[in-house]
$ cat work_2.tsv   # TSV, C-alpha atoms and all ligand atoms
chain	number	residue	atom	x	y	z
Z	1	MET	CA	67.68	139.13	135.83
Z	2	THR	CA	66.30	136.18	137.75
Z	3	ALA	CA	63.84	136.68	140.62
Z	4	GLU	CA	66.47	135.21	142.98
Z	5	LYS	CA	69.10	137.81	141.95
Z	6	ALA	CA	66.59	140.66	142.25
Z	7	ASP	CA	65.68	139.47	145.77
Z	8	SER	CA	69.31	139.32	146.92
Z	9	GLY	CA	69.99	142.80	145.42
Z	10	LEU	CA	67.00	144.22	147.29
Z	11	LEU	CA	68.13	142.49	150.48
Z	12	SER	CA	71.62	143.99	150.29
Z	13	ILE	CA	70.15	147.50	149.71
Z	14	ILE	CA	67.92	147.05	152.77
Z	15	GLN	CA	70.90	145.78	154.82
Z	16	ARG	CA	73.03	148.78	153.78
Z	17	ARG	CA	70.24	151.23	154.64
Z	18	LEU	CA	69.67	149.57	158.03
Z	19	ARG	CA	73.40	149.63	158.79
Z	20	GLY	CA	73.56	153.33	157.85
Z	21	ALA	CA	70.53	154.12	160.04
Z	22	PHE	CA	72.07	152.20	162.95
Z	23	SER	CA	75.39	154.07	162.59
Z	24	LEU	CA	73.55	157.41	162.67
Z	25	MET	CA	71.57	156.35	165.74
Z	26	ALA	CA	74.75	155.06	167.47
Z	27	ALA	CA	76.56	158.34	166.73
Z	28	PHE	CA	73.62	160.23	168.27
Z	29	LEU	CA	73.36	158.00	171.37
Z	30	TRP	CA	77.11	157.49	171.89
Z	31	PRO	CA	78.91	160.49	170.34
Z	32	PRO	CA	82.58	159.73	169.54
Z	33	VAL	CA	85.10	160.72	172.17
Z	34	CYS	CA	88.89	160.95	172.29
Z	35	ALA	CA	90.40	157.50	172.93
Z	36	ASN	CA	92.67	159.03	175.57
Z	37	CYS	CA	90.99	161.90	177.44
Z	38	GLY	CA	87.32	161.26	176.63
Z	39	ARG	CA	86.70	164.73	175.14
Z	40	ALA	CA	84.02	164.78	172.41
Z	41	ILE	CA	85.45	164.63	168.89
Z	42	CYS	CA	84.04	164.38	165.37
Z	43	ASP	CA	85.54	161.04	164.39
Z	44	SER	CA	85.31	157.85	166.45
Z	45	ASN	CA	88.34	155.77	167.51
Z	46	HIS	CA	90.78	158.62	167.30
Z	47	LEU	CA	92.45	161.20	169.47
Z	48	CYS	CA	91.45	164.80	170.07
Z	49	GLY	CA	93.79	167.50	168.72
Z	50	GLY	CA	95.47	167.99	172.13
Z	51	CYS	CA	96.22	164.30	172.72
Z	52	TRP	CA	97.32	163.89	169.10
Z	53	GLN	CA	99.90	166.62	169.58
Z	54	GLU	CA	101.10	165.15	172.86
Z	55	MET	CA	101.86	161.75	171.33
Z	56	HIS	CA	105.46	161.37	170.18
Z	57	TRP	CA	104.69	159.73	166.84
Z	58	VAL	CA	107.71	157.98	165.38
Z	59	ASP	CA	108.48	158.86	161.79
Z	60	ARG	CA	111.55	158.99	159.57
Z	61	PRO	CA	114.46	159.41	160.01
Z	62	PHE	CA	114.93	156.16	161.92
Z	63	CYS	CA	117.19	153.10	161.85
Z	64	PRO	CA	115.92	150.91	158.97
Z	65	VAL	CA	116.41	147.80	161.12
Z	66	SER	CA	115.41	148.67	164.67
Z	67	GLY	CA	113.11	151.61	163.83
Z	68	VAL	CA	114.66	153.70	166.61
Z	69	PRO	CA	114.29	157.36	165.59
Z	70	TYR	CA	117.32	159.47	164.80
Z	71	PRO	CA	117.70	163.05	166.01
Z	72	TYR	CA	118.53	164.22	162.49
Z	73	ASP	CA	118.45	162.87	158.95
Z	74	ALA	CA	121.81	161.34	158.01
Z	75	GLY	CA	120.55	159.83	154.75
Z	76	GLN	CA	118.49	156.75	154.06
Z	77	ASP	CA	119.40	153.27	155.23
Z	78	ILE	CA	121.98	154.24	157.80
Z	79	VAL	CA	121.91	151.36	160.28
Z	80	SER	CA	122.38	152.43	163.89
Z	81	PRO	CA	125.59	151.53	165.78
Z	82	ALA	CA	123.47	149.66	168.36
Z	83	VAL	CA	122.18	147.29	165.66
Z	84	LEU	CA	125.63	146.86	164.08
Z	85	ALA	CA	127.09	145.99	167.50
Z	86	ASP	CA	124.32	143.58	168.46
Z	87	PRO	CA	122.17	142.54	165.45
Z	88	PRO	CA	118.65	141.50	166.49
Z	89	ALA	CA	117.02	138.15	165.59
Z	90	TYR	CA	114.24	140.02	163.75
Z	91	ASP	CA	114.67	141.64	160.33
Z	92	LYS	CA	112.96	144.95	160.95
Z	93	ALA	CA	111.01	146.60	163.74
Z	94	ARG	CA	108.69	149.59	163.72
Z	95	CYS	CA	106.68	151.40	166.36
Z	96	VAL	CA	103.86	153.90	166.31
Z	97	ALA	CA	105.03	156.19	169.10
Z	98	LEU	CA	107.51	156.67	171.90
Z	99	TYR	CA	106.27	155.31	175.22
Z	100	ASP	CA	105.47	158.66	176.81
Z	101	ALA	CA	102.50	159.71	178.94
Z	102	THR	CA	99.83	159.61	176.20
Z	103	ALA	CA	100.98	156.32	174.67
Z	104	ARG	CA	101.26	154.82	178.17
Z	105	ALA	CA	97.71	155.92	179.01
Z	106	LEU	CA	96.35	154.24	175.86
Z	107	VAL	CA	98.29	151.02	176.54
Z	108	HIS	CA	97.11	150.92	180.17
Z	109	LYS	CA	93.49	151.42	179.12
Z	110	LEU	CA	93.77	148.58	176.63
Z	111	LYS	CA	95.67	146.32	179.01
Z	112	TYR	CA	94.21	146.89	182.46
Z	113	TYR	CA	90.89	148.72	182.04
Z	114	ASP	CA	89.04	146.53	179.53
Z	115	ARG	CA	89.17	149.15	176.76
Z	116	THR	CA	89.49	146.37	174.20
Z	117	ASP	CA	87.80	148.66	171.64
Z	118	LEU	CA	91.05	150.67	171.48
Z	119	ALA	CA	92.76	147.75	169.72
Z	120	VAL	CA	91.10	148.75	166.43
Z	121	SER	CA	92.49	152.29	166.26
Z	122	MET	CA	95.84	151.29	167.79
Z	123	GLY	CA	96.04	148.42	165.28
Z	124	ASP	CA	95.22	150.87	162.51
Z	125	TRP	CA	98.19	153.07	163.51
Z	126	MET	CA	100.41	149.97	163.73
Z	127	VAL	CA	99.48	149.00	160.15
Z	128	ARG	CA	100.60	152.45	159.05
Z	129	ALA	CA	103.85	152.15	161.05
Z	130	GLY	CA	104.58	148.86	159.25
Z	131	ALA	CA	103.50	150.13	155.82
Z	132	ASP	CA	106.91	149.40	154.27
Z	133	PHE	CA	106.74	145.72	155.33
Z	134	PHE	CA	103.28	145.29	153.92
Z	135	ALA	CA	104.17	147.06	150.65
Z	136	ASN	CA	107.37	145.12	149.96
Z	137	ILE	CA	106.82	141.62	151.22
Z	138	SER	CA	106.05	138.82	148.80
Z	139	GLY	CA	104.90	135.38	149.87
Z	140	PRO	CA	102.72	134.34	152.78
Z	141	LEU	CA	102.57	136.65	155.78
Z	142	VAL	CA	101.22	135.63	159.18
Z	143	VAL	CA	100.44	137.83	162.19
Z	144	VAL	CA	101.60	136.43	165.55
Z	145	PRO	CA	101.27	138.10	168.97
Z	146	VAL	CA	103.72	137.90	171.86
Z	147	PRO	CA	101.91	135.40	174.12
Z	148	LEU	CA	100.87	135.77	177.75
Z	149	HIS	CA	101.41	132.92	180.17
Z	150	ARG	CA	98.24	130.86	180.84
Z	151	ARG	CA	98.11	131.97	184.48
Z	152	ARG	CA	98.30	135.65	183.57
Z	153	LEU	CA	95.73	135.16	180.81
Z	154	ILE	CA	93.24	133.81	183.36
Z	155	GLY	CA	93.77	136.87	185.56
Z	156	ARG	CA	93.54	139.41	182.74
Z	157	ARG	CA	91.08	137.46	180.57
Z	158	TYR	CA	92.66	138.62	177.32
Z	159	ASN	CA	96.06	139.19	175.79
Z	160	GLN	CA	96.35	142.81	174.66
Z	161	ALA	CA	99.03	141.89	172.08
Z	162	ALA	CA	96.64	139.31	170.59
Z	163	LEU	CA	93.88	141.95	170.30
Z	164	LEU	CA	96.26	144.24	168.41
Z	165	ALA	CA	97.48	141.35	166.21
Z	166	LYS	CA	93.87	140.37	165.38
Z	167	ALA	CA	92.99	143.97	164.47
Z	168	ILE	CA	96.03	144.14	162.15
Z	169	ALA	CA	95.34	140.74	160.56
Z	170	ASP	CA	91.69	141.72	159.96
Z	171	GLN	CA	92.61	145.02	158.42
Z	172	LYS	CA	95.22	143.52	156.10
Z	173	GLY	CA	93.34	140.27	155.39
Z	174	LEU	CA	96.26	138.20	156.74
Z	175	ALA	CA	96.44	134.87	158.55
Z	176	TYR	CA	96.34	135.23	162.35
Z	177	TRP	CA	98.00	132.63	164.59
Z	178	PRO	CA	97.36	133.70	168.19
Z	179	ASP	CA	98.78	130.50	169.70
Z	180	CYS	CA	101.82	130.12	167.43
Z	181	LEU	CA	104.17	131.03	170.28
Z	182	VAL	CA	103.82	129.65	173.80
Z	183	ARG	CA	105.13	131.25	176.97
Z	184	ARG	CA	106.44	128.21	178.76
Z	185	ARG	CA	106.88	129.86	182.13
Z	186	ALA	CA	105.40	132.91	183.81
Z	187	THR	CA	108.16	135.51	183.72
Z	188	ARG	CA	108.48	138.29	186.29
Z	189	GLN	CA	107.14	141.69	185.25
Z	190	GLN	CA	109.93	143.38	183.30
Z	191	VAL	CA	109.26	146.73	185.01
Z	192	GLY	CA	112.09	147.73	187.32
Z	193	LEU	CA	114.58	145.13	186.03
Z	194	SER	CA	117.96	146.02	184.58
Z	195	ASP	CA	118.75	145.16	180.93
Z	196	GLN	CA	120.66	142.03	181.99
Z	197	GLU	CA	117.89	140.95	184.39
Z	198	ARG	CA	115.27	141.40	181.65
Z	199	GLU	CA	117.27	139.26	179.27
Z	200	ALA	CA	117.74	136.53	181.87
Z	201	ASN	CA	114.04	136.79	182.79
Z	202	VAL	CA	112.83	135.88	179.29
Z	203	ARG	CA	115.67	133.58	178.22
Z	204	GLY	CA	114.10	130.30	177.09
Z	205	ALA	CA	110.65	131.57	178.12
Z	206	PHE	CA	109.12	131.16	174.65
Z	207	ARG	CA	108.78	128.20	172.36
Z	208	LEU	CA	106.97	127.42	169.17
Z	209	ASN	CA	103.62	125.63	169.47
Z	210	GLU	CA	104.43	122.22	167.94
Z	211	THR	CA	101.22	122.36	165.88
Z	212	TYR	CA	102.88	125.05	163.75
Z	213	ARG	CA	106.29	123.35	163.45
Z	214	HIS	CA	105.71	122.27	159.84
Z	215	ASN	CA	103.65	125.29	158.78
Z	216	ILE	CA	105.98	128.09	159.63
Z	217	SER	CA	108.98	127.30	157.45
Z	218	GLY	CA	109.21	129.80	154.59
Z	219	LYS	CA	106.48	132.09	155.95
Z	220	SER	CA	107.16	135.65	156.96
Z	221	ILE	CA	105.93	136.66	160.39
Z	222	VAL	CA	104.65	139.98	161.68
Z	223	LEU	CA	105.32	139.78	165.41
Z	224	ILE	CA	103.12	142.05	167.51
Z	225	ASP	CA	103.38	143.47	171.02
Z	226	ASP	CA	101.97	146.53	172.75
Z	227	VAL	CA	105.24	147.90	174.17
Z	228	MET	CA	108.92	147.23	173.54
Z	229	THR	CA	111.12	148.24	176.46
Z	230	THR	CA	114.63	146.79	176.13
Z	231	GLY	CA	113.53	144.46	173.35
Z	232	ALA	CA	114.43	141.32	175.39
Z	233	THR	CA	110.93	139.79	175.05
Z	234	ILE	CA	110.72	140.51	171.31
Z	235	GLU	CA	114.22	139.11	170.85
Z	236	ALA	CA	113.34	135.88	172.69
Z	237	CYS	CA	110.18	135.45	170.55
Z	238	ALA	CA	112.04	136.24	167.31
Z	239	ARG	CA	114.66	133.62	168.17
Z	240	ALA	CA	111.96	130.98	168.70
Z	241	LEU	CA	110.48	131.85	165.28
Z	242	ARG	CA	113.90	131.92	163.66
Z	243	ARG	CA	114.66	128.42	164.97
Z	244	ALA	CA	111.49	127.24	163.18
Z	245	TRP	CA	112.82	128.66	159.88
Z	246	ALA	CA	110.53	131.65	159.54
Z	247	ALA	CA	111.52	133.41	156.30
Z	248	GLN	CA	111.50	136.95	157.66
Z	249	ILE	CA	110.44	138.43	160.96
Z	250	PHE	CA	108.96	141.91	161.15
Z	251	VAL	CA	108.06	143.45	164.45
Z	252	ILE	CA	105.42	146.10	165.03
Z	253	VAL	CA	104.84	147.43	168.52
Z	254	PHE	CA	102.51	150.22	169.49
Z	255	ALA	CA	104.98	152.08	171.69
Z	256	ARG	CA	108.63	151.85	172.41
Z	257	VAL	CA	110.86	152.97	175.24
Z	258	VAL	CA	113.85	154.71	173.70
Z	259	GLU	CA	116.74	155.95	175.83
Z	260	SER	CA	118.34	159.13	174.50
Z	261	GLY	CA	121.63	157.19	174.09
Z	262	GLN	CA	119.95	154.85	171.60
Z	263	MET	CA	119.06	157.71	169.27
Z	264	THR	CA	122.59	158.13	167.96
Z	265	ILE	CA	123.82	157.65	164.42
Z	301	ZN	ZN	92.14	163.72	174.03

$ encode --input "work_2.tsv" --output "structure tokens" --more "lines below"
Ligand SMILES: [Zn+2]
Amino acid sequence: MTAEKADSGLLSIIQRRLRGAFSLMAAFLWPPVCANCGRAICDSNHLCGGCWQEMHWVDRPFCPVSGVPYPYDAGQDIVSPAVLADPPAYDKARCVALYDATARALVHKLKYYDRTDLAVSMGDWMVRAGADFFANISGPLVVVPVPLHRRRLIGRRYNQAALLAKAIADQKGLAYWPDCLVRRRATRQQVGLSDQEREANVRGAFRLNETYRHNISGKSIVLIDDVMTTGATIEACARALRRAWAAQIFVIVFARVVESGQMTI
């Protein structure tokens, strides 16, 4: 072994030991707490038992296209009537949880209260929700967030969807294109609008960043947002990607609003 190799081996051992010592010290000084209620827990970046149970985690059975959960298992690959009646521009969508009180609290902390650290654990759950995309896709895969309008980005300082997309891209070692889509006008907040108003609100609101025009063709996209309500925003983004010849479009959102009428087979 050369002296140079021995030195670098020793250096990496020292670095590992220092990192371990720092983690122990950090755990002592800042003991891990529940990401939602703040109660002390054993493992960092997770939920306490109570909050875990309160989340409505979405698991099978669900529509293989939209990911909307079914009330009972009718067999694999049964596409929901809603998707058959109005096929989305994306190929498949998945979500971590239903948008109930606990999921809403996590999203609000990430979005409005500077809890940007939550993006790592929320992104981790989103990777698991999209496990079937990641296992079955071949060819290049790029992670793209739903964009915020410039004006709103100045007010909020960060785009929560971009934080989640970055966490997912880092974890999966994928390309991350935060500015691939552009919000060309500031849309009204979707809260309180009817389905038709939401659709009109985001119609034509998104376009592809011209820089990516020649890079996107043939690539599969994982489109990321924090919450899907009616799906109008996701649909508008998926159409913009589709027009640029994206090969496949997979959507992963953290939480999803699901009306009871949607959960029919
Ligand atoms: Zn908790």

$ closest_residue --input "work_2.tsv" --among "Z:Thr102, Z:Ala246, Z:Ser217, Z:Val258" --to "Phe62 (chain Z)" --atoms "only C-alpha atoms"
Z:Val258

$ closest_residue --input "work_2.tsv" --among "Z:Arg243, Z:Arg256, Z:His46, Z:Arg203" --to "ligand ZN 301 (chain Z)" --atoms "all atoms listed in the file"
Z:His46

$ closest_atom_pairs --input "work_2.tsv" --of "chain Z" --to "ligand ZN 301 (chain Z)" --cutoff "10 Å" --atoms "all atoms listed in the file" --output "tab-separated table"
residue	atom	partner	partner_atom	distance
Z:Val33	CA	Z:ZN301	ZN	7.9
Z:Cys34	CA	Z:ZN301	ZN	4.6
Z:Ala35	CA	Z:ZN301	ZN	6.6
Z:Asn36	CA	Z:ZN301	ZN	5.0
Z:Cys37	CA	Z:ZN301	ZN	4.0
Z:Gly38	CA	Z:ZN301	ZN	6.0
Z:Arg39	CA	Z:ZN301	ZN	5.6
Z:Ala40	CA	Z:ZN301	ZN	8.3
Z:Ile41	CA	Z:ZN301	ZN	8.5
Z:His46	CA	Z:ZN301	ZN	8.6
Z:Leu47	CA	Z:ZN301	ZN	5.2
Z:Cys48	CA	Z:ZN301	ZN	4.2
Z:Gly49	CA	Z:ZN301	ZN	6.7
Z:Gly50	CA	Z:ZN301	ZN	5.7
Z:Cys51	CA	Z:ZN301	ZN	4.3
Z:Trp52	CA	Z:ZN301	ZN	7.2
Z:Gln53	CA	Z:ZN301	ZN	9.4
Z:Glu54	CA	Z:ZN301	ZN	9.1
Z:Thr102	CA	Z:ZN301	ZN	9.0

$ atom_distance --input "work_2.tsv" --atom1 "CA of Ala175 (chain Z)" --atom2 "CA of Ile249 (chain Z)"
14.6 Å

$ residues_around --input "work_2.tsv" --residues "region 126-130 of chain Z" --least-positions-apart "2" --cutoff "9 Å" --atoms "only C-alpha atoms" --output "number ranges by chain"
Z: 58-59, 93-96, 121-124, 132-135, 164, 168, 171-172, 250-254

$ closest_residue --input "work_2.tsv" --among "Z:Val120, Z:Leu241, Z:Cys63, Z:Ala247" --to "Leu84 (chain Z)" --atoms "all atoms listed in the file"
Z:Cys63

$ atom_distance --input "work_2.tsv" --atom1 "CA of Gly173 (chain Z)" --atom2 "CA of Ile216 (chain Z)"
18.1 Å

$ residues_around --input "work_2.tsv" --residues "Val79 (chain Z)" --least-positions-apart "2" --cutoff "10 Å" --atoms "all atoms listed in the file" --output "list in words"
Phe62, Cys63, Pro64, Val65, Ser66, Gly67, Val68, Gln76, Asp77, Pro81, Ala82, Val83, Leu84 and Ile265 of chain Z

$ atom_distance --input "work_2.tsv" --atom1 "CA of Trp57 (chain Z)" --atom2 "CA of Val202 (chain Z)"
28.1 Å

$ closest_residue --input "work_2.tsv" --among "Z:Tyr112, Z:Arg198, Z:Tyr99, Z:Ser138" --to "Gly155 (chain Z)" --atoms "only C-alpha atoms"
Z:Tyr112

$ residues_around --input "work_2.tsv" --residues "Arg156 (chain Z)" --least-positions-apart "3" --cutoff "12 Å" --atoms "all atoms listed in the file" --output "ChimeraX atom specification"
/Z:110-114,116,148-153,159-160

$ write_last_selection --input "work_2.tsv" --atoms "C-alpha atoms" --output "tab-separated table (two decimals), keeping the file's coordinate frame"
chain	number	residue	atom	x	y	z
Z	110	LEU	CA	93.77	148.58	176.63
Z	111	LYS	CA	95.67	146.32	179.01
Z	112	TYR	CA	94.21	146.89	182.46
Z	113	TYR	CA	90.89	148.72	182.04
Z	114	ASP	CA	89.04	146.53	179.53
Z	116	THR	CA	89.49	146.37	174.20
Z	148	LEU	CA	100.87	135.77	177.75
Z	149	HIS	CA	101.41	132.92	180.17
Z	150	ARG	CA	98.24	130.86	180.84
Z	151	ARG	CA	98.11	131.97	184.48
Z	152	ARG	CA	98.30	135.65	183.57
Z	153	LEU	CA	95.73	135.16	180.81
Z	159	ASN	CA	96.06	139.19	175.79
Z	160	GLN	CA	96.35	142.81	174.66

$ closest_residue --input "work_2.tsv" --among "Z:Ala236, Z:Met228, Z:Leu141, Z:Leu18" --to "Leu98 (chain Z)" --atoms "all atoms listed in the file"
Z:Met228

$ closest_residue --input "work_2.tsv" --among "Z:Leu174, Z:Lys219, Z:Val227, Z:Ser12" --to "Ala255 (chain Z)" --atoms "only C-alpha atoms"
Z:Val227
